file protein.txt (compact mmCIF, C-alpha atoms)
# COMPACT_ATOMS: atom_id res chain seq x y z
CA MET U 1 90.56 47.62 90.15
CA ARG U 2 91.74 48.99 86.84
CA LYS U 3 88.68 51.23 86.59
CA GLY U 4 89.42 52.63 90.03
CA LYS U 5 92.97 53.55 89.04
CA ILE U 6 91.73 55.26 85.88
CA VAL U 7 89.16 57.27 87.83
CA ARG U 8 91.72 58.32 90.42
CA PHE U 9 94.12 59.33 87.64
CA LEU U 10 91.42 61.39 85.90
CA THR U 11 90.38 63.01 89.18
CA LEU U 12 93.96 63.97 90.05
CA THR U 13 94.50 65.31 86.53
CA ILE U 14 91.40 67.51 86.74
CA VAL U 15 92.39 68.84 90.16
CA TYR U 16 95.87 69.57 88.83
CA LEU U 17 94.43 71.49 85.85
CA LEU U 18 92.16 73.52 88.11
CA LEU U 19 95.05 74.43 90.41
CA LEU U 20 97.20 75.28 87.40
CA THR U 21 94.48 77.63 86.14
CA VAL U 22 94.29 79.40 89.50
CA PHE U 23 98.05 79.78 89.89
CA THR U 24 98.43 80.98 86.29
CA ALA U 25 95.84 83.70 86.90
CA ASP U 26 97.65 84.75 90.08
CA ALA U 27 100.97 84.86 88.25
CA LEU U 28 99.55 87.16 85.60
CA ALA U 29 98.26 89.53 88.27
CA ALA U 30 101.48 89.57 90.28
CA PRO U 31 104.60 91.57 89.47
CA GLN U 32 106.67 89.63 86.97
CA SER U 33 110.09 91.10 87.62
CA SER U 34 111.77 93.80 89.63
CA GLU U 35 113.85 94.72 86.58
CA VAL U 36 112.38 97.13 84.05
CA LYS U 37 114.32 97.22 80.82
CA ASN U 38 113.10 100.60 79.59
CA PRO U 39 112.28 103.64 81.69
CA HIS U 40 108.81 104.98 80.95
CA GLU U 41 109.72 108.66 80.86
CA ARG U 42 112.61 111.05 80.55
CA THR U 43 114.77 111.30 83.66
CA ASP U 44 116.85 114.29 82.52
CA GLN U 45 114.10 116.90 83.02
CA GLY U 46 113.76 117.11 79.23
CA TYR U 47 110.93 116.25 76.85
CA TYR U 48 110.42 115.18 73.26
CA THR U 49 108.93 117.26 70.47
CA ILE U 50 107.13 115.14 67.88
CA VAL U 51 107.20 116.65 64.38
CA ASP U 52 105.81 115.49 61.03
CA GLU U 53 107.58 115.29 57.65
CA LYS U 54 107.16 119.04 57.12
CA GLY U 55 108.52 119.96 60.54
CA LYS U 56 105.12 120.77 62.04
CA VAL U 57 104.97 120.23 65.79
CA LEU U 58 102.41 117.56 66.62
CA HIS U 59 102.92 117.10 70.34
CA GLN U 60 105.39 117.34 73.22
CA THR U 61 105.76 114.79 75.99
CA ALA U 62 108.19 113.57 78.64
CA HIS U 63 107.24 109.95 77.94
CA MET U 64 110.07 107.88 76.52
CA LEU U 65 109.60 107.54 72.76
CA THR U 66 111.05 104.92 70.45
CA LYS U 67 110.84 104.05 66.79
CA GLY U 68 107.47 102.44 66.10
CA ASP U 69 105.51 104.42 68.70
CA GLU U 70 102.42 106.16 67.37
CA LEU U 71 100.35 109.26 68.00
CA ILE U 72 96.68 109.85 67.24
CA THR U 73 96.18 113.60 67.27
CA ALA U 74 93.15 115.58 68.42
CA ASP U 75 91.87 115.63 64.81
CA ASN U 76 92.30 111.83 64.52
CA LEU U 77 95.38 111.80 62.30
CA ARG U 78 97.59 108.80 63.05
CA TYR U 79 101.36 109.14 62.91
CA ARG U 80 104.16 106.60 63.39
CA ILE U 81 107.54 107.62 64.78
CA THR U 82 110.30 106.66 62.36
CA GLU U 83 113.29 108.12 64.20
CA VAL U 84 114.19 109.61 67.57
CA LYS U 85 117.19 111.92 67.59
CA GLY U 86 118.03 114.03 70.62
CA ASP U 87 114.91 115.84 71.84
CA TYR U 88 113.03 115.29 68.59
CA ALA U 89 110.88 112.41 67.39
CA TYR U 90 110.18 112.36 63.67
CA ALA U 91 106.81 110.98 62.61
CA ARG U 92 105.24 109.87 59.35
CA LEU U 93 101.52 110.22 58.64
CA ILE U 94 99.81 106.84 58.37
CA GLY U 95 96.34 108.16 57.64
CA LYS U 96 93.06 109.28 59.12
CA GLU U 97 91.96 107.17 62.06
CA GLU U 98 88.36 106.01 61.92
CA GLU U 99 86.38 107.42 64.82
CA ALA U 100 85.17 104.84 67.29
CA LYS U 101 81.44 104.15 67.22
CA LEU U 102 79.36 104.98 70.27
CA ASN U 103 75.80 104.17 71.37
CA VAL U 104 76.12 100.71 69.84
CA SER U 105 73.64 98.33 71.43
CA SER U 106 75.54 95.48 72.98
CA GLU U 107 73.01 93.96 75.32
CA ASN U 108 73.39 90.63 73.55
CA SER U 109 77.18 90.58 73.60
CA PHE U 110 78.88 88.14 75.94
CA TRP U 111 81.09 90.76 77.62
CA SER U 112 78.20 93.20 78.12
CA ARG U 113 76.03 90.57 79.80
CA LEU U 114 78.95 89.65 82.02
CA LEU U 115 79.52 93.27 83.10
CA ALA U 116 75.82 93.94 83.56
CA GLN U 117 75.26 91.07 85.99
CA GLY U 118 76.48 93.16 88.92
CA GLY U 119 74.11 96.03 88.11
CA GLU U 120 76.41 98.81 89.27
CA LYS U 121 79.39 100.00 87.26
CA ASN U 122 82.56 99.83 89.33
CA ILE U 123 85.46 102.07 88.38
CA GLY U 124 88.98 101.89 89.81
CA ILE U 125 91.45 104.77 90.09
CA TYR U 126 95.08 104.69 91.21
CA HIS U 127 98.33 106.59 90.76
CA THR U 128 101.58 104.88 89.78
CA HIS U 129 103.50 108.15 90.19
CA SER U 130 102.14 109.22 93.55
CA ASP U 131 104.53 112.17 93.90
CA GLU U 132 103.45 114.05 90.77
CA SER U 133 102.38 117.60 91.51
CA TYR U 134 101.57 120.94 89.87
CA VAL U 135 104.08 123.73 90.48
CA PRO U 136 101.69 126.76 90.31
CA SER U 137 99.36 125.22 92.92
CA ASP U 138 101.53 122.82 94.93
CA GLY U 139 104.73 124.87 94.93
CA THR U 140 106.80 122.00 93.55
CA GLU U 141 106.61 119.34 90.86
CA SER U 142 107.11 116.45 93.30
CA ILE U 143 105.79 115.72 96.80
CA TYR U 144 106.96 112.33 98.03
CA ALA U 145 104.03 109.91 98.48
CA ASN U 146 101.48 112.76 98.62
CA GLY U 147 101.49 114.57 95.28
CA GLY U 148 98.85 116.94 94.00
CA ILE U 149 97.87 114.21 91.55
CA PHE U 150 95.90 112.59 94.39
CA LYS U 151 93.63 115.66 94.53
CA VAL U 152 93.08 115.47 90.78
CA GLY U 153 92.17 111.79 91.21
CA LYS U 154 89.78 112.71 94.03
CA VAL U 155 87.94 115.21 91.83
CA PHE U 156 87.68 112.54 89.13
CA ALA U 157 86.36 110.01 91.66
CA ASN U 158 83.84 112.44 93.20
CA LYS U 159 82.49 113.42 89.79
CA LEU U 160 81.95 109.78 88.91
CA LYS U 161 80.26 109.13 92.27
CA GLU U 162 77.90 112.06 91.66
CA MET U 163 76.90 110.36 88.42
CA GLY U 164 76.07 107.13 90.29
CA TYR U 165 79.17 105.02 89.72
CA GLN U 166 80.77 102.91 92.45
CA VAL U 167 84.35 104.19 92.62
CA TYR U 168 87.41 102.68 94.27
CA HIS U 169 90.13 105.31 94.51
CA SER U 170 93.46 104.04 95.83
CA THR U 171 95.81 106.62 97.34
CA ARG U 172 98.52 104.08 98.01
CA ALA U 173 101.98 105.51 97.33
CA HIS U 174 104.38 103.79 94.93
CA ASP U 175 107.42 106.03 95.43
CA PRO U 176 110.15 106.54 94.58
CA HIS U 177 109.40 107.87 91.11
CA ASP U 178 111.74 105.53 89.25
CA VAL U 179 111.65 102.83 86.59
CA ASN U 180 110.22 100.32 89.08
CA ALA U 181 107.17 102.39 90.01
CA TYR U 182 104.96 100.35 87.67
CA TYR U 183 106.30 97.18 89.26
CA ARG U 184 105.11 98.45 92.66
CA SER U 185 101.76 99.76 91.39
CA ARG U 186 100.96 96.48 89.63
CA ARG U 187 99.79 94.91 92.87
CA THR U 188 97.51 97.89 93.54
CA ALA U 189 95.99 97.54 90.07
CA ALA U 190 95.48 93.79 90.54
CA GLN U 191 93.76 94.33 93.91
CA LEU U 192 91.45 96.97 92.44
CA LEU U 193 90.49 94.63 89.62
CA GLN U 194 89.15 92.19 92.20
CA LYS U 195 86.27 94.68 92.65
CA ASN U 196 84.75 93.54 89.33
CA LEU U 197 85.66 96.79 87.60
CA SER U 198 84.22 98.06 84.36
CA ALA U 199 87.31 100.26 83.87
CA LEU U 200 90.60 101.03 85.59
CA PHE U 201 92.37 104.41 85.34
CA ASP U 202 95.95 105.28 86.26
CA ILE U 203 95.98 109.09 86.63
CA HIS U 204 99.21 110.98 85.85
CA ARG U 205 100.43 114.36 84.68
CA ASP U 206 103.02 115.12 82.00
CA ALA U 207 106.18 117.27 82.27
CA VAL U 208 106.15 119.77 79.41
CA PRO U 209 105.57 123.54 78.92
CA PRO U 210 102.12 124.74 80.03
CA GLN U 211 100.77 125.59 76.57
CA VAL U 212 100.89 121.93 75.51
CA TYR U 213 97.88 121.08 77.69
CA ALA U 214 96.34 124.49 78.50
CA ALA U 215 92.93 125.12 76.92
CA ASN U 216 89.76 127.14 77.31
CA VAL U 217 86.66 124.98 76.97
CA LYS U 218 83.17 126.39 77.45
CA GLY U 219 84.63 129.47 79.11
CA GLN U 220 86.72 127.54 81.63
CA GLU U 221 90.50 127.44 81.86
CA ILE U 222 91.35 123.74 81.93
CA THR U 223 94.09 121.30 81.03
CA LYS U 224 93.53 118.75 78.31
CA VAL U 225 93.81 115.04 78.95
CA LYS U 226 95.79 112.50 76.93
CA PHE U 227 95.36 108.74 76.81
CA VAL U 228 98.47 106.56 76.78
CA VAL U 229 98.29 102.98 75.54
CA GLY U 230 101.13 100.45 75.92
CA ARG U 231 101.76 98.50 72.72
CA THR U 232 103.72 95.63 74.28
CA ASN U 233 100.93 93.72 75.99
CA PRO U 234 98.45 91.09 74.73
CA ARG U 235 95.49 93.39 75.40
CA PHE U 236 96.87 96.23 73.31
CA GLN U 237 94.03 96.19 70.75
CA SER U 238 91.32 96.15 73.44
CA ASN U 239 92.92 99.03 75.35
CA LEU U 240 93.47 101.03 72.16
CA GLU U 241 89.83 100.57 71.20
CA PHE U 242 88.86 101.71 74.70
CA ALA U 243 91.04 104.83 74.30
CA LYS U 244 89.45 105.60 70.95
CA GLN U 245 85.99 105.19 72.45
CA LEU U 246 86.88 107.52 75.32
CA LYS U 247 88.21 110.11 72.88
CA ALA U 248 85.11 109.89 70.68
CA ALA U 249 82.85 110.31 73.72
CA VAL U 250 84.71 113.35 75.09
CA ASP U 251 84.91 114.89 71.60
CA LYS U 252 81.12 114.81 71.54
CA THR U 253 80.46 116.13 75.05
CA HIS U 254 83.42 118.52 75.46
CA PRO U 255 85.29 119.12 72.18
CA GLY U 256 88.86 120.25 72.76
CA VAL U 257 89.44 118.41 76.03
CA VAL U 258 91.35 115.43 74.58
CA GLN U 259 94.93 116.12 73.49
CA GLY U 260 95.22 112.79 71.70
CA ILE U 261 96.30 109.17 72.15
CA LEU U 262 99.94 108.16 72.55
CA ILE U 263 100.84 104.56 71.74
CA ALA U 264 104.15 103.86 73.50
CA ASN U 265 106.64 101.01 73.78
CA SER U 266 105.61 99.70 77.20
CA ASP U 267 102.69 97.94 78.86
CA PHE U 268 101.83 100.25 81.82
CA ASN U 269 100.22 97.23 83.54
CA GLN U 270 97.47 97.33 80.90
CA ASP U 271 97.89 93.61 80.30
CA LEU U 272 95.82 93.12 83.46
CA ALA U 273 92.50 94.28 81.94
CA PRO U 274 90.89 95.12 78.58
CA ARG U 275 89.74 98.51 79.87
CA ALA U 276 92.84 99.80 81.65
CA MET U 277 93.92 103.32 80.74
CA LEU U 278 96.75 105.68 81.62
CA VAL U 279 95.47 109.26 81.60
CA GLU U 280 97.74 112.32 81.55
CA VAL U 281 95.97 115.33 83.06
CA GLY U 282 97.97 118.44 82.21
CA ALA U 283 101.62 118.99 83.08
CA HIS U 284 103.61 120.07 86.14
CA THR U 285 103.63 123.62 84.71
CA ASN U 286 99.81 123.86 84.72
CA SER U 287 97.73 124.70 87.77
CA ARG U 288 96.15 121.81 89.64
CA GLU U 289 92.80 123.60 89.59
CA ALA U 290 92.85 123.65 85.77
CA ALA U 291 93.69 119.94 85.79
CA GLU U 292 90.78 119.26 88.13
CA ARG U 293 88.36 121.05 85.79
CA GLY U 294 89.72 119.11 82.83
CA VAL U 295 89.42 115.71 84.48
CA ALA U 296 85.85 116.54 85.60
CA MET U 297 84.87 117.21 81.97
CA PHE U 298 86.47 113.91 80.98
CA ALA U 299 84.44 112.10 83.66
CA GLU U 300 81.18 113.49 82.28
CA ALA U 301 81.72 111.58 79.02
CA LEU U 302 82.19 108.13 80.57
CA PRO U 303 78.50 107.08 80.44
CA LYS U 304 78.72 107.21 76.64
CA VAL U 305 81.37 104.49 76.83
CA LEU U 306 80.55 102.42 79.93
CA GLY U 307 76.82 103.07 80.02
CA ALA U 308 74.87 104.68 82.82
CA PRO U 309 75.16 102.97 86.24
CA GLY U 310 72.86 99.94 86.42
CA SER U 311 72.68 99.40 82.64
CA PRO U 312 74.73 97.37 80.16
CA PRO U 313 77.71 99.18 78.65
CA SER U 314 77.00 101.02 75.38
CA THR U 315 80.06 99.79 73.49
CA GLU U 316 81.56 96.41 72.79
CA LEU U 317 85.09 95.17 73.15
CA PRO U 318 86.74 93.78 70.02
CA ASP U 319 85.48 90.33 69.03
CA ALA U 320 88.83 88.76 69.98
CA GLU U 321 88.37 89.88 73.59
CA ASN U 322 84.80 88.53 73.67
CA ARG U 323 85.97 85.17 72.32
CA SER U 324 88.82 85.02 74.80
CA SER U 325 86.48 85.64 77.76
CA ALA U 326 83.96 83.10 76.46
CA TRP U 327 86.59 80.39 76.05
CA THR U 328 87.94 81.02 79.54
CA ILE U 329 84.53 80.46 81.14
CA PHE U 330 83.83 77.49 78.83
CA TRP U 331 86.97 75.68 80.02
CA ILE U 332 86.23 76.44 83.67
CA VAL U 333 82.68 75.02 83.30
CA LEU U 334 84.03 71.99 81.43
CA LEU U 335 86.64 71.24 84.11
CA VAL U 336 84.13 71.60 86.95
CA THR U 337 81.65 69.31 85.12
CA ALA U 338 84.37 66.72 84.51
CA ALA U 339 85.38 66.84 88.18
CA ALA U 340 81.76 66.33 89.23
CA LEU U 341 81.38 63.36 86.86
CA ALA U 342 84.57 61.77 88.18
CA TYR U 343 83.36 62.18 91.77
CA LEU U 344 79.96 60.65 90.98
CA TYR U 345 81.62 57.82 89.03
CA VAL U 346 83.67 56.88 92.08
CA ASN U 347 80.56 56.91 94.29
CA THR U 348 78.22 55.02 91.93
CA GLY U 349 80.76 52.71 90.32
CA SER U 350 79.56 53.27 86.75
CA LEU U 351 79.26 56.01 84.15
CA GLU U 352 75.54 55.34 83.78
CA GLY U 353 75.05 55.80 87.50
CA ALA U 354 77.00 59.05 87.47
CA LEU U 355 74.89 60.42 84.60
CA ASP U 356 71.70 59.39 86.44
CA GLN U 357 72.88 61.31 89.50
CA LEU U 358 73.51 64.39 87.36
CA ARG U 359 70.09 64.12 85.71
CA ASN U 360 68.38 63.80 89.09
CA LEU U 361 70.27 66.81 90.43
CA TYR U 362 69.38 68.88 87.33
CA GLY U 363 65.72 67.85 87.67
CA ARG U 364 65.59 68.89 91.33
CA LEU U 365 67.14 72.26 90.49
CA LEU U 366 64.59 72.91 87.73
CA LYS U 367 61.74 71.88 90.02
CA ARG U 368 62.98 74.20 92.78
CA LYS U 369 63.36 77.09 90.31
CA GLY U 370 59.83 76.54 89.02
call {"tool": "encode", "arguments": {"input": "protein.txt", "output": "structure tokens"}}
result
Amino acid sequence: MRKGKIVRFLTLTIVYLLLLTVFTADALAAPQSSEVKNPHERTDQGYYTIVDEKGKVLHQTAHMLTKGDELITADNLRYRITEVKGDYAYARLIGKEEEAKLNVSSENSFWSRLLAQGGEKNIGIYHTHSDESYVPSDGTESIYANGGIFKVGKVFANKLKEMGYQVYHSTRAHDPHDVNAYYRSRRTAAQLLQKNLSALFDIHRDAVPPQVYAANVKGQEITKVKFVVGRTNPRFQSNLEFAKQLKAAVDKTHPGVVQGILIANSDFNQDLAPRAMLVEVGAHTNSREAAERGVAMFAEALPKVLGAPGSPPSTELPDAENRSSAWTIFWIVLLVTAAALAYLYVNTGSLEGALDQLRNLYGRLLKRKG
């Protein structure tokens, strides 16, 4: 009688832990709050100019900047913002950022094997700011729920499809363009991630003068791209490493296309995945056609980071991310095994009988496989 109570207690505990795991995962994927403490970008039609100690202009952006934010420039110099005053952000040089390594064999890494199991590489694309547009081409900087940014995303998606990737491009609108846009787009990002994605991209455009992003690369007038990484989420290091890998890859295939990497005081929903990236493609003052050419060049570099479709990825995530993924699957397997043992214990009445049942089942599976 006492044994029966213990078994029922253990069974209920295991079921509870399994349900808790499921609900915790759902909670992480769902919007956490309708209140956003800090807006993600300037709302006064202005922009910041980032300057170094000598007054040299490093970059201009409409993203909200705060003390502690960082910028990795096109030539891989890393700066930290020490003060924001008016329209200026003052930055101090930290040092030269080490370039991310590419073409690193990772076929034996846990994460690479996990991604490779599906064969195809799935890539997700969405747009938090679905109204963003390009004045020279679209006639306005904002088109409610149908901005020119969708066409830039489509070019990006089509280029990736031509290369053999499976692409999921969401054109769901998340208007209005306010501080809660990321709250609304979070559900879209979570739904896309259910497609077993190798990477997830949130495509935007900046709001600065045209020369900030305008460039001529290989004889084509394009806009540069910039990667934005949120520093207030638990996957910050993984996403930053991903951004550095993307930059290194594009620098090799199309030098001059990447403006740099901005590390800002937000999360941009990047806590949902280790390879989630916000990409700025030009500004509202650039033509959409130039932005489309720039994003197409960016797309051509992705195989150097994610690997060609049907093969393992060519770069590894940081060891901490690999360990985290391994432990998650370990605990799931452990809980399922414990639940199975408890069930067999109830049916056989003894631990020895339950183990015999498991051994017999394992033997039949091996025999069938052989």
call {"tool": "closest_residue", "arguments": {"input": "protein.txt", "among": "U:Pro309, U:Asp251, U:Arg80, U:Ala100", "to": "Gln166 (chain U)", "atoms": "all atoms listed in the file"}}
result
U:Pro309
call {"tool": "atom_distance", "arguments": {"input": "protein.txt", "atom1": "CA of Lys159 (chain U)", "atom2": "CA of Ile203 (chain U)"}}
result
14.5 Å
call {"tool": "residues_around", "arguments": {"input": "protein.txt", "residues": "Gly86 (chain U)", "least_positions_apart": "3", "cutoff": "10 Å", "atoms": "all atoms listed in the file", "output": "number ranges by chain"}}
result
U: 47-49, 83, 89
call {"tool": "closest_atom_pairs", "arguments": {"input": "protein.txt", "of": "region 49-165 of chain U", "to": "region 256-260 of chain U", "cutoff": "7 Å", "atoms": "only C-alpha atoms", "output": "JSON lines"}}
result
{"residue": "U:Ile72", "atom": "CA", "partner": "U:Gly260", "partner_atom": "CA", "distance": 5.5}
{"residue": "U:Thr73", "atom": "CA", "partner": "U:Gly260", "partner_atom": "CA", "distance": 4.6}
{"residue": "U:Ala74", "atom": "CA", "partner": "U:Gly260", "partner_atom": "CA", "distance": 4.8}
call {"tool": "write_last_selection", "arguments": {"input": "protein.txt", "atoms": "C-alpha atoms", "output": "tab-separated table (two decimals), keeping the file's coordinate frame"}}
result
chain	number	residue	atom	x	y	z
U	72	ILE	CA	96.68	109.85	67.24
U	73	THR	CA	96.18	113.60	67.27
U	74	ALA	CA	93.15	115.58	68.42
call {"tool": "closest_atom_pairs", "arguments": {"input": "protein.txt", "of": "region 181-278 of chain U", "to": "region 146-154 of chain U", "cutoff": "10 Å", "atoms": "only C-alpha atoms", "output": "tab-separated table"}}
result
residue	atom	partner	partner_atom	distance
U:Phe201	CA	U:Gly153	CA	9.4
U:Asp202	CA	U:Gly153	CA	9.0
U:Ile203	CA	U:Gly153	CA	6.5
U:His204	CA	U:Ile149	CA	6.7
U:Arg205	CA	U:Ile149	CA	7.3
call {"tool": "closest_residue", "arguments": {"input": "protein.txt", "among": "U:Thr128, U:Lys247, U:Val51, U:Asn216", "to": "Asn76 (chain U)", "atoms": "only C-alpha atoms"}}
result
U:Lys247
call {"tool": "residues_around", "arguments": {"input": "protein.txt", "residues": "His63 (chain U)", "least_positions_apart": "4", "cutoff": "9 Å", "atoms": "all atoms listed in the file", "output": "ChimeraX atom specification"}}
result
/U:39-42,47-48,206-207,264
call {"tool": "residues_around", "arguments": {"input": "protein.txt", "residues": "region 183-186 of chain U", "least_positions_apart": "2", "cutoff": "6 Å", "atoms": "all atoms listed in the file", "output": "short mmCIF file (atom, residue, chain, number, x, y, z; two decimals) with C-alpha atoms, in the frame of the given file"}}
result
data_model
loop_
_atom_site.label_atom_id
_atom_site.label_comp_id
_atom_site.auth_asym_id
_atom_site.auth_seq_id
_atom_site.Cartn_x
_atom_site.Cartn_y
_atom_site.Cartn_z
CA PRO U 31 104.60 91.57 89.47
CA THR U 128 101.58 104.88 89.78
CA HIS U 174 104.38 103.79 94.93
CA ASN U 180 110.22 100.32 89.08
CA ALA U 181 107.17 102.39 90.01
CA THR U 188 97.51 97.89 93.54
CA ALA U 189 95.99 97.54 90.07
#
call {"tool": "closest_residue", "arguments": {"input": "protein.txt", "among": "U:Ile125, U:Ile94, U:Gln237, U:Gln191", "to": "Leu160 (chain U)", "atoms": "all atoms listed in the file"}}
result
U:Ile125
call {"tool": "atom_distance", "arguments": {"input": "protein.txt", "atom1": "CA of Thr82 (chain U)", "atom2": "CA of Gly68 (chain U)"}}
result
6.3 Å
call {"tool": "residues_near_point", "arguments": {"input": "protein.txt", "point": "(102.7, 120.1, 86.4)", "cutoff": "12 Å", "atoms": "only C-alpha atoms", "output": "ChimeraX atom specification"}}
result
/U:62,131-143,147-149,152,204-214,223,280-291
call {"tool": "write_last_selection", "arguments": {"input": "protein.txt", "atoms": "C-alpha atoms", "output": "CSV table (one decimal), keeping the file's coordinate frame"}}
result
chain,number,residue,atom,x,y,z
U,62,ALA,CA,108.2,113.6,78.6
U,131,ASP,CA,104.5,112.2,93.9
U,132,GLU,CA,103.4,114.0,90.8
U,133,SER,CA,102.4,117.6,91.5
U,134,TYR,CA,101.6,120.9,89.9
U,135,VAL,CA,104.1,123.7,90.5
U,136,PRO,CA,101.7,126.8,90.3
U,137,SER,CA,99.4,125.2,92.9
U,138,ASP,CA,101.5,122.8,94.9
U,139,GLY,CA,104.7,124.9,94.9
U,140,THR,CA,106.8,122.0,93.6
U,141,GLU,CA,106.6,119.3,90.9
U,142,SER,CA,107.1,116.4,93.3
U,143,ILE,CA,105.8,115.7,96.8
U,147,GLY,CA,101.5,114.6,95.3
U,148,GLY,CA,98.8,116.9,94.0
U,149,ILE,CA,97.9,114.2,91.6
U,152,VAL,CA,93.1,115.5,90.8
U,204,HIS,CA,99.2,111.0,85.8
U,205,ARG,CA,100.4,114.4,84.7
U,206,ASP,CA,103.0,115.1,82.0
U,207,ALA,CA,106.2,117.3,82.3
U,208,VAL,CA,106.2,119.8,79.4
U,209,PRO,CA,105.6,123.5,78.9
U,210,PRO,CA,102.1,124.7,80.0
U,211,GLN,CA,100.8,125.6,76.6
U,212,VAL,CA,100.9,121.9,75.5
U,213,TYR,CA,97.9,121.1,77.7
U,214,ALA,CA,96.3,124.5,78.5
U,223,THR,CA,94.1,121.3,81.0
U,280,GLU,CA,97.7,112.3,81.6
U,281,VAL,CA,96.0,115.3,83.1
U,282,GLY,CA,98.0,118.4,82.2
U,283,ALA,CA,101.6,119.0,83.1
U,284,HIS,CA,103.6,120.1,86.1
U,285,THR,CA,103.6,123.6,84.7
U,286,ASN,CA,99.8,123.9,84.7
U,287,SER,CA,97.7,124.7,87.8
U,288,ARG,CA,96.2,121.8,89.6
U,289,GLU,CA,92.8,123.6,89.6
U,290,ALA,CA,92.8,123.6,85.8
U,291,ALA,CA,93.7,119.9,85.8
call {"tool": "atom_distance", "arguments": {"input": "protein.txt", "atom1": "CA of Leu278 (chain U)", "atom2": "CA of Lys85 (chain U)"}}
result
25.6 Å
call {"tool": "residues_around", "arguments": {"input": "protein.txt", "residues": "Leu93 (chain U)", "least_positions_apart": "4", "cutoff": "10 Å", "atoms": "only C-alpha atoms", "output": "list of chain:residue names"}}
result
U:Asp52, U:Glu53, U:Glu70, U:Leu71, U:Ile72, U:Leu77, U:Arg78, U:Tyr79, U:Arg80, U:Ile81
call {"tool": "closest_residue", "arguments": {"input": "protein.txt", "among": "U:Tyr182, U:Val228, U:Gly219, U:Lys67", "to": "Lys244 (chain U)", "atoms": "only C-alpha atoms"}}
result
U:Val228
call {"tool": "closest_residue", "arguments": {"input": "protein.txt", "among": "U:Asn239, U:Thr253, U:Thr43, U:Gln60", "to": "Asp267 (chain U)", "atoms": "all atoms listed in the file"}}
result
U:Asn239
call {"tool": "build_atoms", "arguments": {"input": "protein.txt", "residues": "region 72-83 of chain U", "atoms": "N, CA, C and O atoms", "output": "PDB file, in the coordinates of the input"}}
result
ATOM      1  N   ILE U  72      97.953 109.463  67.853  1.00  0.00           N
ATOM      2  CA  ILE U  72      96.680 109.850  67.240  1.00  0.00           C
ATOM      3  C   ILE U  72      96.359 111.240  67.749  1.00  0.00           C
ATOM      4  O   ILE U  72      96.165 111.434  68.945  1.00  0.00           O
ATOM      5  N   THR U  73      96.343 112.209  66.874  1.00  0.00           N
ATOM      6  CA  THR U  73      96.180 113.600  67.270  1.00  0.00           C
ATOM      7  C   THR U  73      94.720 113.920  67.601  1.00  0.00           C
ATOM      8  O   THR U  73      93.820 113.088  67.399  1.00  0.00           O
ATOM      9  N   ALA U  74      94.502 115.151  68.058  1.00  0.00           N
ATOM     10  CA  ALA U  74      93.150 115.580  68.420  1.00  0.00           C
ATOM     11  C   ALA U  74      92.198 115.506  67.230  1.00  0.00           C
ATOM     12  O   ALA U  74      90.998 115.256  67.400  1.00  0.00           O
ATOM     13  N   ASP U  75      92.718 115.710  66.002  1.00  0.00           N
ATOM     14  CA  ASP U  75      91.870 115.630  64.810  1.00  0.00           C
ATOM     15  C   ASP U  75      91.932 114.252  64.150  1.00  0.00           C
ATOM     16  O   ASP U  75      91.622 114.097  62.966  1.00  0.00           O
ATOM     17  N   ASN U  76      92.335 113.243  64.929  1.00  0.00           N
ATOM     18  CA  ASN U  76      92.300 111.830  64.520  1.00  0.00           C
ATOM     19  C   ASN U  76      93.234 111.484  63.363  1.00  0.00           C
ATOM     20  O   ASN U  76      92.973 110.538  62.607  1.00  0.00           O
ATOM     21  N   LEU U  77      94.346 112.191  63.244  1.00  0.00           N
ATOM     22  CA  LEU U  77      95.380 111.800  62.300  1.00  0.00           C
ATOM     23  C   LEU U  77      96.360 110.892  63.031  1.00  0.00           C
ATOM     24  O   LEU U  77      96.789 111.203  64.138  1.00  0.00           O
ATOM     25  N   ARG U  78      96.710 109.777  62.399  1.00  0.00           N
ATOM     26  CA  ARG U  78      97.590 108.800  63.050  1.00  0.00           C
ATOM     27  C   ARG U  78      98.988 108.854  62.444  1.00  0.00           C
ATOM     28  O   ARG U  78      99.161 108.730  61.230  1.00  0.00           O
ATOM     29  N   TYR U  79      99.971 109.035  63.314  1.00  0.00           N
ATOM     30  CA  TYR U  79     101.360 109.140  62.910  1.00  0.00           C
ATOM     31  C   TYR U  79     102.177 108.013  63.544  1.00  0.00           C
ATOM     32  O   TYR U  79     101.877 107.588  64.658  1.00  0.00           O
ATOM     33  N   ARG U  80     103.226 107.586  62.837  1.00  0.00           N
ATOM     34  CA  ARG U  80     104.160 106.600  63.390  1.00  0.00           C
ATOM     35  C   ARG U  80     105.553 107.221  63.453  1.00  0.00           C
ATOM     36  O   ARG U  80     106.018 107.826  62.476  1.00  0.00           O
ATOM     37  N   ILE U  81     106.202 107.065  64.601  1.00  0.00           N
ATOM     38  CA  ILE U  81     107.540 107.620  64.780  1.00  0.00           C
ATOM     39  C   ILE U  81     108.559 106.749  64.040  1.00  0.00           C
ATOM     40  O   ILE U  81     108.627 105.536  64.256  1.00  0.00           O
ATOM     41  N   THR U  82     109.319 107.380  63.173  1.00  0.00           N
ATOM     42  CA  THR U  82     110.300 106.660  62.360  1.00  0.00           C
ATOM     43  C   THR U  82     111.722 106.835  62.872  1.00  0.00           C
ATOM     44  O   THR U  82     112.608 106.038  62.540  1.00  0.00           O
ATOM     45  N   GLU U  83     111.953 107.875  63.688  1.00  0.00           N
ATOM     46  CA  GLU U  83     113.290 108.120  64.200  1.00  0.00           C
ATOM     47  C   GLU U  83     113.214 109.028  65.421  1.00  0.00           C
ATOM     48  O   GLU U  83     112.386 109.936  65.482  1.00  0.00           O
TER      49      GLU U  83
END
